[in-house]
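Pasted below: run_21.csv, CSV, C-alpha atoms.
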```csv
chain,number,residue,atom,x,y,z
A,1,GLN,CA,-20.3,21.9,25.4
A,2,TYR,CA,-17.3,22.0,27.7
A,3,ASN,CA,-14.8,24.7,26.7
A,4,VAL,CA,-11.3,24.1,28.1
A,5,VAL,CA,-10.7,27.8,28.5
A,6,SER,CA,-13.8,28.2,30.7
A,7,LEU,CA,-12.4,25.4,32.8
A,8,GLY,CA,-9.1,27.2,33.3
A,9,ALA,CA,-6.9,26.3,30.2
A,10,ASN,CA,-4.6,29.1,29.1
A,11,PRO,CA,-4.0,29.6,25.3
A,12,ASP,CA,-0.5,31.1,25.9
A,13,GLY,CA,1.4,27.9,25.2
A,14,LYS,CA,3.3,28.3,28.5
A,15,THR,CA,0.8,27.6,31.3
A,16,ASP,CA,0.2,23.9,32.0
A,17,SER,CA,-3.4,23.4,31.0
A,18,SER,CA,-3.5,19.6,31.7
A,19,ASN,CA,-6.0,20.0,34.5
A,20,ALA,CA,-8.6,21.9,32.4
A,21,PHE,CA,-8.5,19.1,29.8
A,22,GLN,CA,-9.0,16.5,32.5
A,23,LYS,CA,-11.9,18.4,33.9
A,24,ALA,CA,-13.5,18.7,30.5
A,25,TRP,CA,-13.1,15.0,29.9
A,26,ALA,CA,-14.6,14.1,33.3
A,27,SER,CA,-17.7,16.2,32.6
A,28,ALA,CA,-18.1,14.9,29.0
A,29,CYS,CA,-17.5,11.3,30.0
A,30,GLY,CA,-19.9,11.6,32.9
A,31,SER,CA,-22.7,13.1,30.9
A,32,THR,CA,-25.6,10.8,30.0
A,33,ARG,CA,-26.2,12.8,26.8
A,34,ALA,CA,-23.9,13.5,23.8
A,35,ALA,CA,-21.2,15.9,24.8
A,36,THR,CA,-18.6,18.2,23.1
A,37,ILE,CA,-15.2,19.3,24.4
A,38,TYR,CA,-14.1,22.5,22.7
A,39,VAL,CA,-10.5,23.6,22.4
A,40,PRO,CA,-10.5,27.2,20.9
A,41,ARG,CA,-7.7,28.8,18.9
A,42,GLY,CA,-4.4,29.3,20.7
A,43,GLN,CA,-1.5,27.2,22.0
A,44,PHE,CA,-2.3,24.9,25.0
A,45,LEU,CA,0.6,23.4,26.9
A,46,VAL,CA,-0.4,19.9,28.0
A,47,ARG,CA,2.0,17.7,29.9
A,48,SER,CA,0.4,14.4,29.3
A,49,ALA,CA,-3.3,13.4,29.3
A,50,THR,CA,-5.1,10.1,29.5
A,51,PHE,CA,-8.8,10.2,28.8
A,52,ASN,CA,-10.2,7.0,30.2
A,53,GLY,CA,-13.5,5.4,29.5
A,54,PRO,CA,-15.9,3.7,29.7
A,55,CYS,CA,-18.2,6.8,29.6
A,56,LYS,CA,-21.9,7.3,30.3
A,57,ASN,CA,-22.5,8.2,26.7
A,58,SER,CA,-21.1,7.0,23.4
A,59,ALA,CA,-21.1,10.3,21.5
A,60,ILE,CA,-18.3,12.5,22.7
A,61,THR,CA,-16.8,15.0,20.2
A,62,VAL,CA,-13.5,16.7,20.9
A,63,ARG,CA,-13.4,19.8,18.6
A,64,ILE,CA,-10.0,21.4,18.3
A,65,ASP,CA,-9.4,24.8,16.7
A,66,GLY,CA,-6.1,25.3,18.5
A,67,THR,CA,-2.8,23.5,19.0
A,68,LEU,CA,-1.9,21.2,21.9
A,69,VAL,CA,1.8,21.6,22.6
A,70,ALA,CA,3.9,19.0,24.5
A,71,PRO,CA,6.6,20.3,27.0
A,72,SER,CA,9.7,21.2,25.0
A,73,ASN,CA,11.9,19.5,27.7
A,74,TYR,CA,11.7,15.8,26.5
A,75,ASN,CA,12.5,14.6,30.1
A,76,VAL,CA,9.0,15.6,31.2
A,77,ASN,CA,7.1,13.0,29.2
A,78,GLY,CA,9.9,11.2,27.4
A,79,ASN,CA,9.5,8.1,29.6
A,80,ALA,CA,5.7,8.2,29.8
A,81,GLY,CA,5.4,6.2,26.5
A,82,ASN,CA,2.5,8.3,25.3
A,83,TRP,CA,1.4,12.0,25.4
A,84,ILE,CA,-2.3,12.1,24.6
A,85,VAL,CA,-4.2,8.8,25.3
A,86,LEU,CA,-7.8,7.7,24.6
A,87,ARG,CA,-8.4,4.4,26.4
A,88,ARG,CA,-11.4,2.1,26.6
A,89,VAL,CA,-13.7,4.7,24.9
A,90,THR,CA,-16.6,4.1,22.6
A,91,GLY,CA,-18.0,6.6,20.1
A,92,VAL,CA,-15.4,9.4,20.4
A,93,SER,CA,-14.7,11.8,17.5
A,94,VAL,CA,-11.6,14.0,17.5
A,95,ILE,CA,-12.1,16.8,14.9
A,96,GLY,CA,-9.4,19.2,13.7
A,97,GLY,CA,-6.5,20.9,15.5
A,98,THR,CA,-2.8,20.2,15.8
A,99,LEU,CA,-0.8,18.0,18.2
A,100,ASP,CA,2.7,19.4,18.4
A,101,GLY,CA,5.0,16.9,20.2
A,102,GLN,CA,8.0,19.2,20.0
A,103,GLY,CA,10.2,16.1,19.4
A,104,GLY,CA,13.2,17.8,17.8
A,105,GLY,CA,15.2,17.9,21.0
A,106,LEU,CA,14.8,14.2,21.6
A,107,TRP,CA,15.6,13.3,18.0
A,108,ALA,CA,18.9,15.3,18.3
A,109,CYS,CA,19.7,13.5,21.5
A,110,LYS,CA,19.1,10.1,19.9
A,111,LEU,CA,21.0,10.9,16.8
A,112,SER,CA,24.0,12.1,18.8
A,113,GLY,CA,24.3,8.7,20.4
A,114,LYS,CA,23.7,9.9,23.9
A,115,SER,CA,21.5,8.0,26.3
A,116,CYS,CA,18.0,9.6,26.1
A,117,PRO,CA,14.4,8.7,27.0
A,118,ILE,CA,12.6,6.4,24.5
A,119,GLY,CA,10.1,9.1,23.7
A,120,ALA,CA,6.3,9.5,23.8
A,121,THR,CA,3.7,8.7,21.1
A,122,ASN,CA,1.7,11.8,20.2
A,123,LEU,CA,-1.7,10.1,20.2
A,124,LEU,CA,-2.5,6.6,21.4
A,125,ILE,CA,-6.0,5.2,20.9
A,126,SER,CA,-6.2,2.0,22.9
A,127,ASN,CA,-8.8,-0.7,23.5
A,128,SER,CA,-11.6,1.5,22.0
A,129,GLN,CA,-14.3,1.2,19.4
A,130,ASN,CA,-16.2,3.5,17.0
A,131,VAL,CA,-13.6,6.2,17.0
A,132,LEU,CA,-13.2,8.9,14.4
A,133,VAL,CA,-10.1,11.1,13.9
A,134,SER,CA,-10.7,13.7,11.3
A,135,GLY,CA,-8.6,16.7,10.1
A,136,VAL,CA,-6.1,16.3,12.8
A,137,SER,CA,-2.4,17.3,12.3
A,138,SER,CA,0.3,15.5,14.2
A,139,LEU,CA,3.6,17.5,14.2
A,140,ASN,CA,7.1,16.5,15.4
A,141,SER,CA,6.2,13.6,17.7
A,142,GLN,CA,9.0,12.3,19.9
A,143,MET,CA,8.2,8.7,18.8
A,144,PHE,CA,5.2,7.4,16.8
A,145,HIS,CA,2.6,10.0,15.8
A,146,ILE,CA,-0.6,8.0,16.0
A,147,VAL,CA,-1.0,4.5,17.4
A,148,VAL,CA,-4.2,2.5,17.2
A,149,ASN,CA,-4.0,-0.6,19.4
A,150,GLY,CA,-6.5,-3.2,20.4
A,151,CYS,CA,-9.4,-1.3,18.7
A,152,ARG,CA,-12.4,-2.0,16.6
A,153,ASN,CA,-13.9,0.3,14.0
A,154,VAL,CA,-11.5,3.3,13.8
A,155,LYS,CA,-11.7,5.8,11.0
A,156,MET,CA,-9.0,8.3,10.3
A,157,GLN,CA,-9.5,10.8,7.5
A,158,GLY,CA,-7.8,14.0,6.4
A,159,VAL,CA,-4.9,13.4,8.8
A,160,LYS,CA,-1.7,15.2,8.3
A,161,VAL,CA,1.5,13.9,9.8
A,162,SER,CA,4.7,15.9,9.6
A,163,ALA,CA,8.2,15.3,11.0
A,164,SER,CA,11.7,15.5,9.6
A,165,GLY,CA,12.8,12.6,7.3
A,166,THR,CA,15.7,12.0,9.6
A,167,SER,CA,13.6,11.8,12.8
A,168,PRO,CA,14.1,8.3,14.4
A,169,ASN,CA,11.2,6.0,15.1
A,170,THR,CA,8.5,8.5,14.2
A,171,ASP,CA,6.0,6.1,12.4
A,172,GLY,CA,3.1,8.1,11.1
A,173,ILE,CA,0.1,5.8,11.9
A,174,HIS,CA,0.8,2.4,13.5
A,175,VAL,CA,-2.0,-0.1,13.7
A,176,GLY,CA,-1.7,-3.1,16.0
A,177,ALA,CA,-4.1,-5.9,17.2
A,178,SER,CA,-7.0,-4.0,15.6
A,179,THR,CA,-10.0,-4.8,13.4
A,180,GLY,CA,-11.8,-2.5,10.9
A,181,VAL,CA,-9.4,0.4,10.7
A,182,THR,CA,-9.8,2.8,7.8
A,183,ILE,CA,-7.2,5.5,6.8
A,184,LEU,CA,-8.4,7.9,4.1
A,185,ASN,CA,-7.3,11.1,2.3
A,186,SER,CA,-4.2,11.7,4.4
A,187,LYS,CA,-0.7,13.2,3.9
A,188,ILE,CA,2.2,11.7,5.8
A,189,GLY,CA,5.8,12.8,5.9
A,190,THR,CA,8.1,11.5,8.6
A,191,GLY,CA,11.3,9.6,9.5
A,192,ASP,CA,10.0,6.1,9.6
A,193,ASP,CA,7.0,4.1,8.1
A,194,CYS,CA,4.2,6.4,7.0
A,195,VAL,CA,1.8,3.6,7.9
A,196,SER,CA,2.9,0.4,9.8
A,197,ILE,CA,0.6,-2.6,10.4
A,198,GLY,CA,1.5,-4.8,13.3
A,199,PRO,CA,0.5,-8.3,14.4
A,200,GLY,CA,-3.1,-9.1,15.0
A,201,SER,CA,-4.5,-6.5,12.6
A,202,ASN,CA,-7.2,-7.4,10.1
A,203,ASN,CA,-9.8,-5.8,7.8
A,204,LEU,CA,-7.8,-2.6,7.1
A,205,TRP,CA,-8.6,-0.2,4.3
A,206,ILE,CA,-6.0,2.5,3.4
A,207,GLU,CA,-6.9,4.8,0.5
A,208,ASN,CA,-5.7,8.1,-1.0
A,209,VAL,CA,-2.6,8.5,1.1
A,210,ALA,CA,0.5,10.5,0.1
A,211,CYS,CA,3.7,9.2,1.7
A,212,GLY,CA,7.1,11.0,1.8
A,213,PRO,CA,9.5,11.4,3.2
A,214,GLY,CA,9.4,8.1,5.1
A,215,HIS,CA,9.9,4.4,4.9
A,216,GLY,CA,6.7,3.5,3.0
A,217,ILE,CA,3.6,1.6,3.9
A,218,SER,CA,4.6,-1.5,5.8
A,219,ILE,CA,3.0,-4.7,7.0
A,220,GLY,CA,5.2,-5.7,9.9
A,221,SER,CA,7.6,-6.2,11.2
A,222,LEU,CA,6.1,-9.6,11.9
A,223,GLY,CA,7.7,-12.6,13.6
A,224,LYS,CA,9.5,-10.8,16.4
A,225,ASP,CA,7.7,-13.3,18.7
A,226,GLN,CA,7.3,-17.0,18.3
A,227,GLN,CA,3.6,-16.9,19.2
A,228,GLU,CA,2.1,-14.0,17.3
A,229,ASP,CA,-1.2,-13.1,15.6
A,230,GLY,CA,-0.9,-12.5,11.9
A,231,VAL,CA,-2.2,-9.8,9.6
A,232,GLN,CA,-4.9,-10.4,7.0
A,233,ASN,CA,-7.4,-8.7,4.7
A,234,VAL,CA,-5.6,-5.4,4.0
A,235,THR,CA,-6.3,-3.1,1.1
A,236,VAL,CA,-3.9,-0.3,0.2
A,237,LYS,CA,-5.1,1.7,-2.8
A,238,THR,CA,-4.5,5.0,-4.6
A,239,VAL,CA,-1.3,5.8,-2.8
A,240,THR,CA,1.6,8.0,-3.8
A,241,PHE,CA,5.2,7.6,-2.6
A,242,THR,CA,7.7,10.4,-3.1
A,243,GLY,CA,11.4,9.9,-2.3
A,244,THR,CA,10.7,7.2,0.3
A,245,GLN,CA,12.9,4.3,1.3
A,246,ASN,CA,10.2,1.8,0.5
A,247,GLY,CA,6.9,1.8,-1.3
A,248,VAL,CA,4.7,-1.1,-0.4
A,249,ARG,CA,6.5,-3.4,2.0
A,250,ILE,CA,6.0,-6.6,4.0
A,251,LYS,CA,8.8,-7.3,6.5
A,252,SER,CA,9.4,-10.2,8.9
A,253,TRP,CA,12.2,-11.3,11.2
A,254,ALA,CA,14.3,-14.3,10.2
A,255,ARG,CA,13.3,-16.5,13.1
A,256,GLN,CA,10.7,-19.1,14.1
A,257,SER,CA,7.2,-17.8,14.4
A,258,ASN,CA,3.6,-18.8,13.7
A,259,SER,CA,2.7,-15.4,12.3
A,260,PHE,CA,1.4,-14.7,8.8
A,261,ALA,CA,0.5,-12.1,6.3
A,262,ARG,CA,-2.3,-13.1,3.9
A,263,ASN,CA,-5.0,-11.7,1.6
A,264,ILE,CA,-3.3,-8.3,0.9
A,265,LEU,CA,-4.0,-6.0,-2.1
A,266,PHE,CA,-1.8,-3.1,-3.1
A,267,GLN,CA,-3.6,-1.3,-5.9
A,268,HIS,CA,-3.1,2.0,-7.9
A,269,ALA,CA,0.2,3.1,-6.5
A,270,ILE,CA,2.5,5.8,-7.9
A,271,MET,CA,6.2,5.6,-7.1
A,272,ASN,CA,8.3,8.7,-7.5
A,273,ASN,CA,12.0,7.9,-7.0
A,274,VAL,CA,11.5,5.2,-4.4
A,275,GLN,CA,14.4,3.1,-3.3
A,276,ASN,CA,12.4,-0.2,-2.9
A,277,PRO,CA,9.1,0.3,-4.7
A,278,ILE,CA,7.8,-3.3,-4.1
A,279,ILE,CA,9.5,-5.3,-1.4
A,280,ILE,CA,8.9,-8.4,0.7
A,281,ASP,CA,11.8,-8.7,3.2
A,282,GLN,CA,11.7,-11.8,5.3
A,283,ASN,CA,15.2,-11.2,6.6
A,284,TYR,CA,14.3,-7.9,8.3
A,285,CYS,CA,16.8,-6.7,10.9
A,286,PRO,CA,17.4,-3.0,11.3
A,287,GLY,CA,20.2,-3.3,13.8
A,288,SER,CA,22.9,-5.7,14.8
A,289,GLY,CA,22.5,-9.1,16.5
A,290,CYS,CA,20.3,-10.5,13.6
A,291,PRO,CA,18.7,-13.9,14.1
A,292,ASN,CA,19.8,-15.1,10.6
A,293,LYS,CA,17.4,-18.1,10.6
A,294,ALA,CA,14.6,-18.9,8.3
A,295,SER,CA,11.5,-16.8,8.9
A,296,GLY,CA,8.5,-18.8,10.2
A,297,VAL,CA,6.1,-16.1,8.9
A,298,ARG,CA,3.9,-17.4,6.1
A,299,VAL,CA,3.3,-14.8,3.4
A,300,SER,CA,0.5,-15.7,0.9
A,301,GLY,CA,-2.1,-14.1,-1.4
A,302,VAL,CA,-0.5,-10.7,-2.0
A,303,THR,CA,-1.6,-8.8,-5.1
A,304,TYR,CA,0.2,-5.9,-6.7
A,305,GLN,CA,-2.1,-4.2,-9.3
A,306,ASP,CA,-1.5,-1.0,-11.4
A,307,ILE,CA,1.8,0.1,-9.8
A,308,HIS,CA,3.7,2.6,-11.9
A,309,GLY,CA,6.6,5.0,-11.5
A,310,THR,CA,10.3,5.3,-10.9
A,311,SER,CA,12.8,3.4,-8.7
A,312,ALA,CA,15.8,5.1,-7.1
A,313,THR,CA,17.7,1.8,-7.3
A,314,PRO,CA,18.2,-0.8,-10.1
A,315,VAL,CA,16.1,-3.5,-8.3
A,316,ALA,CA,12.5,-2.2,-8.3
A,317,VAL,CA,10.8,-5.4,-7.3
A,318,LYS,CA,12.4,-7.5,-4.5
A,319,PHE,CA,10.8,-10.7,-3.0
A,320,ASP,CA,13.2,-12.0,-0.4
A,321,CYS,CA,11.1,-14.7,1.1
A,322,SER,CA,11.5,-17.5,3.7
A,323,SER,CA,13.5,-20.6,2.7
A,324,LYS,CA,11.2,-22.6,5.1
A,325,TYR,CA,7.9,-21.1,4.0
A,326,PRO,CA,8.3,-19.6,0.5
A,327,CYS,CA,5.9,-16.8,-0.4
A,328,THR,CA,2.9,-18.2,-2.3
A,329,GLY,CA,0.1,-16.7,-4.4
A,330,ILE,CA,2.0,-13.5,-5.3
A,331,ARG,CA,0.3,-11.7,-8.2
A,332,LEU,CA,1.7,-8.9,-10.3
A,333,GLN,CA,-0.7,-7.2,-12.6
A,334,ASP,CA,0.1,-4.1,-14.7
A,335,VAL,CA,3.3,-3.1,-13.0
A,336,LYS,CA,5.6,-0.7,-14.7
A,337,LEU,CA,8.7,0.6,-12.8
A,338,THR,CA,11.7,2.1,-14.4
A,339,TYR,CA,15.2,3.1,-13.1
A,340,ARG,CA,16.8,6.2,-14.7
A,341,ASN,CA,14.6,5.8,-17.8
A,342,GLN,CA,15.9,2.3,-18.2
A,343,VAL,CA,14.3,-1.0,-17.5
A,344,ALA,CA,14.7,-1.9,-13.8
A,345,THR,CA,15.2,-5.4,-12.5
A,346,ALA,CA,13.3,-7.8,-10.3
A,347,SER,CA,14.8,-10.2,-7.7
A,348,CYS,CA,13.0,-13.3,-6.3
A,349,VAL,CA,14.1,-15.7,-3.6
A,350,HIS,CA,11.7,-18.4,-2.6
A,351,ALA,CA,8.8,-16.6,-4.2
A,352,ASP,CA,5.9,-18.3,-6.1
A,353,GLY,CA,3.2,-16.6,-8.1
A,354,THR,CA,1.9,-15.3,-11.4
A,355,ALA,CA,2.2,-12.2,-13.5
A,356,SER,CA,-0.4,-10.8,-16.0
A,357,GLY,CA,-0.8,-7.8,-18.2
A,358,LEU,CA,2.2,-5.6,-18.7
A,359,VAL,CA,4.8,-6.3,-16.0
A,360,GLN,CA,8.1,-4.4,-16.1
A,361,PRO,CA,10.6,-5.3,-14.8
A,362,SER,CA,9.7,-8.7,-16.1
A,363,SER,CA,8.5,-11.1,-13.4
A,364,CYS,CA,11.0,-13.4,-11.7
A,365,LEU,CA,8.2,-15.3,-9.9
```
For the file at hand, write its structure as structure tokens.
Amino acid sequence: QYNVVSLGANPDGKTDSSNAFQKAWASACGSTRAATIYVPRGQFLVRSATFNGPCKNSAITVRIDGTLVAPSNYNVNGNAGNWIVLRRVTGVSVIGGTLDGQGGGLWACKLSGKSCPIGATNLLISNSQNVLVSGVSSLNSQMFHIVVNGCRNVKMQGVKVSASGTSPNTDGIHVGASTGVTILNSKIGTGDDCVSIGPGSNNLWIENVACGPGHGISIGSLGKDQQEDGVQNVTVKTVTFTGTQNGVRIKSWARQSNSFARNILFQHAIMNNVQNPIIIDQNYCPGSGCPNKASGVRVSGVTYQDIHGTSATPVAVKFDCSSKYPCTGIRLQDVKLTYRNQVATASCVHADGTASGLVQPSSCL
């Protein structure tokens, strides 16, 4: 076991302890036997840390009882892109602890319209496999909280994500170009998507997640590039949304692309005062300079099953699909969404599918 304090880390939250973390990683990664890195209680200032593999063993546990704190001055790592990085590792488990990105200053800078660094992701897991993240809290990241990119077999459980509902671009968990990612028993409140699923992601299982504040659980945005890998085989079940901008969302840009979203199941969702509980938006464009063409992204085989609760707007179900490639195989089953104790409405554009069981608002498919 490699204790970062024994290697020179200081739990005062003020002394830069980056070197001790790098030393601990070098030892654990170089070990031919299973190894543990231990971060005891206390606050550890870490400027930025990349833990590179491949390692000589595939059983490294990073056990954190304390808090890793990013520099409060956002110029220190605001342009680094990422704060804590696991790259090209196999069989790493990160257990417990808090990652405090101290992003408040950068959010304020961005919201004031000044020119600011883009900001760093709290935790990036890149080009890795067989990774477990359990009981970790991500707090006030400058940009995204946790990003999983180019990975295979990543499990996240008991993760807590927390940032202000007005914090810009602070997606909770973003998955891109990855296969076999599971997100379980997690609580996410932030200023952007609670979970976002980017191009090239497949075989995802998301279960027992509470989302709010935030922008919902989103597939996309897709179709930003003309050549793009699609998203398929995604299950999102037993999820709760409270006061969010969206519930379950698929979003694509209105431009040519060979991307797709298919074989997606949204099951057992509760909506509490959600602006767009069920939404497919194929004219997604958050800023100005929108492409305003027909989206090339093909959306098919999307099932909404047992979705109940309240909409904060009159239109609780919105399928705004591509005029070139209409949505097909949309299934609504046992959906009941109300607006101010009244019946809500549904809106369909270029959307084909079926409804069964009780469906309110009544289906426009």
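Restricting the calculation to all atoms listed in the file, the smallest distance between Asn272 (chain A) and any of A:Phe260, A:Tyr284, A:Trp83, A:Phe241 is found for A:Phe241.
The coordinates place CA of Gly220 (chain A) at 17.5 Å from CA of Thr190 (chain A).
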How close does each residue of region 69-120 of chain A get to region 54-63 of chain A, giving the shortest atom pair and distance in Å to one decimal for every residue with an atom at most 12 Å away, counting all atoms listed in the file, sorted by chain and residue number, as CSV?
```
residue,atom,partner,partner_atom,distance
A:Leu86,CA,A:Pro54,CA,10.4
A:Arg87,CA,A:Pro54,CA,8.2
A:Arg88,CA,A:Pro54,CA,5.7
A:Val89,CA,A:Pro54,CA,5.4
A:Thr90,CA,A:Ser58,CA,5.4
A:Gly91,CA,A:Ser58,CA,4.5
A:Val92,CA,A:Ile60,CA,4.8
A:Ser93,CA,A:Thr61,CA,4.7
A:Val94,CA,A:Val62,CA,4.7
A:Ile95,CA,A:Arg63,CA,4.9
A:Gly96,CA,A:Arg63,CA,6.4
A:Gly97,CA,A:Arg63,CA,7.6
A:Thr98,CA,A:Arg63,CA,11.0
```
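Between Leu99 (chain A) and the candidates A:Thr166, A:Asn75, A:Ser48, A:Ser137, the tightest atom-to-atom separation, counting only C-alpha atoms, involves A:Ser137.
For the atom pair formed by CA of Ser311 (chain A) and CA of Gln267 (chain A), the distance is 17.3 Å, given to one decimal.
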With only C-alpha atoms as the counted atoms, please give the residues lying no more than 10 Å from region 6-13 of chain A, apart from itself and same-chain residues fewer than 6 positions off, as a PyMOL selection string. chain A and resi 19-24+38-46+66-71
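Closest approach to Ala269 (chain A) among A:Gly230, A:Gly176, A:Gly223, A:Gly309 is made by A:Gly309 (distances from only C-alpha atoms).
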Would you list the contacts of region 322-335 of chain A as JSON, numbers by chain, taking every protein, DNA or RNA residue within 6 Å and counting all atoms listed in the file, but skipping same-chain residues closer than 5 positions in sequence? {"A": [282, 294, 295, 298, 299, 300, 301, 302, 303, 304, 305, 306, 307, 308, 350, 351, 352, 353, 354, 355, 356, 357, 358, 359, 360]}
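Proximity of A:Asn233, A:Thr170, A:Thr32, A:Ser134 to Asn263 (chain A), computed with all atoms listed in the file, is greatest for A:Asn233.
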